[in-house]
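Below: one structure, written as structure tokens.
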Amino acid sequence: MVTVKMVTVNIGMLHYVIDHIYGAFMHRTKLSPLFFSRGWGGSKLELLERMIKDLFPEVEGQNRPPTLIQPIWRTVWETRTACLREGVFRTTCDEQLIGALPPESHTARVAFLVPKYVPPQKTACVVHLAGTGDHTFDRRLRLGGPLLKQNIATMVLESPFYGRRRPMLQRGSKLLCVSDLLLLGRATIEETRSLLHWLDSEGGFGKMGVCGLSMGGVHAAMVGSLHPTPVATLPFLSPHSAVVAFCDGILRYGTAWEALREDLAVQKTVMTLEEVRQRMRNVLSLTDVTRFPIPKNPNAVIFVAATDDGYIPKHSVLELQKAWPGSEVRWVTGGHVSSFLLHNDQFRRAIVDGLNRLEWKEPPL
């Protein structure tokens, strides 16, 4: 019995170590630039801080209705049982946010994988949001593809600052300014809410959900909180706040702290590195999902977390569950990287179960 327990502990430690090795390779070597190498973002950061704070009084009462979109679609491929289309639409951010976004991010792109010959009112659809570094549709289409057999369609949003929406000067996923992280999040929320609205009002789908891995899970939780109608909300391997990732977790080693301090010095604000880290905590506290309203149907919220996650500590996941009574946490054995690779079946199971906890929409008369 002692031997079995020791082996379990060692395997758990191995998953944790793998996360740190991967993190060191990705964020502590010179192979890749650091996050926020161009500083805080100046007036853009001030704008984002103000706009995100403005969200909260607004959502305590009536949720803002999402902006209706009309994507332009083209068919990528079609089989006897399924069809994949790609669509484009102008970002649904307001003009102030559009002015802050890089021009490359003004046009949103989505992939849409649907079963054929099943009426939409008897079909569910889940919008899949991108985790850090997920620049293409492929991985999320592979996650959602097997769900077609259960009449669950998959819509995949290309994030601002990612893929074809990536600014010319940005390398990979390494956002240039802190304001870019808040911009990415705010634009993703607005666009996803519009996509869900389109699926409901134009697509006629009977149930809807939103999911995402890591950063995508944080955004999924925010969308589920802010959407005016009940949707299945499925954050996978996600913290309750970006503070966890950039100030406490492995990504702190990939953050350009010295550049952030120098940017403040240019603005005639002299700070120690510890004070710079505290300012980052203050800014990123705006991404704390526990501040967001409880979703319309918290029983349809399922968090999937890893037992030995080197990026996301257990307490961060449990904080969200505590803030949203009625939600469920499921644990998979592994770390952040290994669970991302090995536990797609558990993610799919959570998607199915979350949707099953919603009522089918009444068909129009």
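Note on naming: chains are A, B, ... as they come in the structure tokens, residues start from 1 per chain, ligands start from 1 in the order shown.
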At a cut-off of 10 Å, using only C-alpha atoms, what residues contact Val231 in chain A? Leave out same-chain residues fewer than 4 positions from it and give the result as a compact mmCIF listing (two decimals) with N, CA and C atoms, in the first residue's frame.
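Dumped everything to out_24.txt:
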```
# COMPACT_ATOMS: atom_id res chain seq x y z
N VAL A 126 -21.03 24.62 -29.54
CA VAL A 126 -20.11 25.16 -28.53
C VAL A 126 -19.05 25.99 -29.22
N LEU A 196 -22.44 33.73 -30.10
CA LEU A 196 -23.52 33.01 -29.43
C LEU A 196 -24.89 33.58 -29.80
N LYS A 207 -29.30 24.53 -28.21
CA LYS A 207 -28.50 24.77 -27.01
C LYS A 207 -27.15 25.32 -27.44
N MET A 208 -26.51 26.05 -26.52
CA MET A 208 -25.20 26.62 -26.83
C MET A 208 -24.29 26.54 -25.62
N GLY A 209 -22.98 26.56 -25.91
CA GLY A 209 -22.01 26.56 -24.84
C GLY A 209 -20.75 27.27 -25.28
N VAL A 210 -19.84 27.46 -24.32
CA VAL A 210 -18.55 28.09 -24.60
C VAL A 210 -17.51 27.37 -23.75
N VAL A 223 -17.36 34.98 -20.58
CA VAL A 223 -18.48 35.01 -21.53
C VAL A 223 -19.71 34.36 -20.90
N GLY A 224 -19.52 33.20 -20.27
CA GLY A 224 -20.64 32.52 -19.63
C GLY A 224 -21.30 33.38 -18.56
N SER A 225 -20.47 34.17 -17.87
CA SER A 225 -20.98 35.06 -16.84
C SER A 225 -21.79 36.21 -17.44
N HIS A 227 -23.10 36.57 -20.62
CA HIS A 227 -24.10 36.36 -21.67
C HIS A 227 -25.50 36.44 -21.08
N PRO A 295 -23.15 32.95 -13.53
CA PRO A 295 -23.88 32.67 -14.78
C PRO A 295 -25.35 32.35 -14.54
N LYS A 296 -26.15 32.50 -15.60
CA LYS A 296 -27.60 32.31 -15.48
C LYS A 296 -27.96 30.89 -15.02
N ASN A 297 -27.17 29.89 -15.43
CA ASN A 297 -27.39 28.52 -14.98
C ASN A 297 -26.06 27.95 -14.48
N PRO A 298 -25.72 28.19 -13.21
CA PRO A 298 -24.42 27.73 -12.70
C PRO A 298 -24.29 26.21 -12.70
N ALA A 300 -24.75 24.38 -15.13
CA ALA A 300 -24.17 24.04 -16.44
C ALA A 300 -22.74 24.53 -16.57
N VAL A 301 -22.11 24.89 -15.44
CA VAL A 301 -20.69 25.28 -15.40
C VAL A 301 -19.89 24.09 -14.88
N GLY A 354 -22.34 19.36 -19.61
CA GLY A 354 -22.77 20.74 -19.43
C GLY A 354 -23.97 21.09 -20.29
N LEU A 355 -23.95 20.65 -21.55
CA LEU A 355 -25.08 20.90 -22.44
C LEU A 355 -26.33 20.16 -21.98
N ARG A 357 -27.33 19.78 -19.13
CA ARG A 357 -27.94 20.46 -17.99
C ARG A 357 -28.73 21.71 -18.40
N LEU A 358 -28.78 21.95 -19.69
CA LEU A 358 -29.58 23.05 -20.23
C LEU A 358 -30.88 22.51 -20.81
N GLU A 359 -31.92 23.34 -20.78
CA GLU A 359 -33.17 23.00 -21.45
C GLU A 359 -33.03 23.31 -22.94
```
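As for CA of Val289 in chain A and CA of Pro103 in chain A, they are spaced 28.3 Å apart.
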message = Env of Asp288 in chain A: 12 Å cut, atoms = only C-alpha atoms, seq-sep filter 4 positions within chain, self excluded. Answer as number ranges by chain.
response = A: 52-53, 56, 182, 185, 218-219, 221-222, 238-245, 281-284, 292-293, 316-317, 319-320, 323
Check the DSSP output for the backbone and give back, as a ChimeraX atom specification, the residues of range 196-293 of chain A in helix (DSSP H, G or I). /A:196-201,215-226,242-248,250-254,257-266,273-287,289-291
Determine which residues of range 31-243 of chain A receive a DSSP assignment of strand (DSSP E), computed from the backbone, and state them as an MDAnalysis selection string. chainID A and resid 72:78 82:90 107:115 124:129 152:157 207:213 232:236
Fill in: Which of A:Gly163, A:Gly203, A:Pro120, A:Pro325 sits closest to Asp138 in chain A [using only C-alpha atoms]
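Closest residue, counting only C-alpha atoms: A:Gly163.
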What separates CA of Arg109 in chain A and CA of Leu45 in chain A is a distance of 25.1 Å
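For the set A:Ser327, A:Gln121, A:Gln278, A:Ser173, the residue with the smallest atom-to-atom gap to Leu199 in chain A is A:Gln121, counting only C-alpha atoms.
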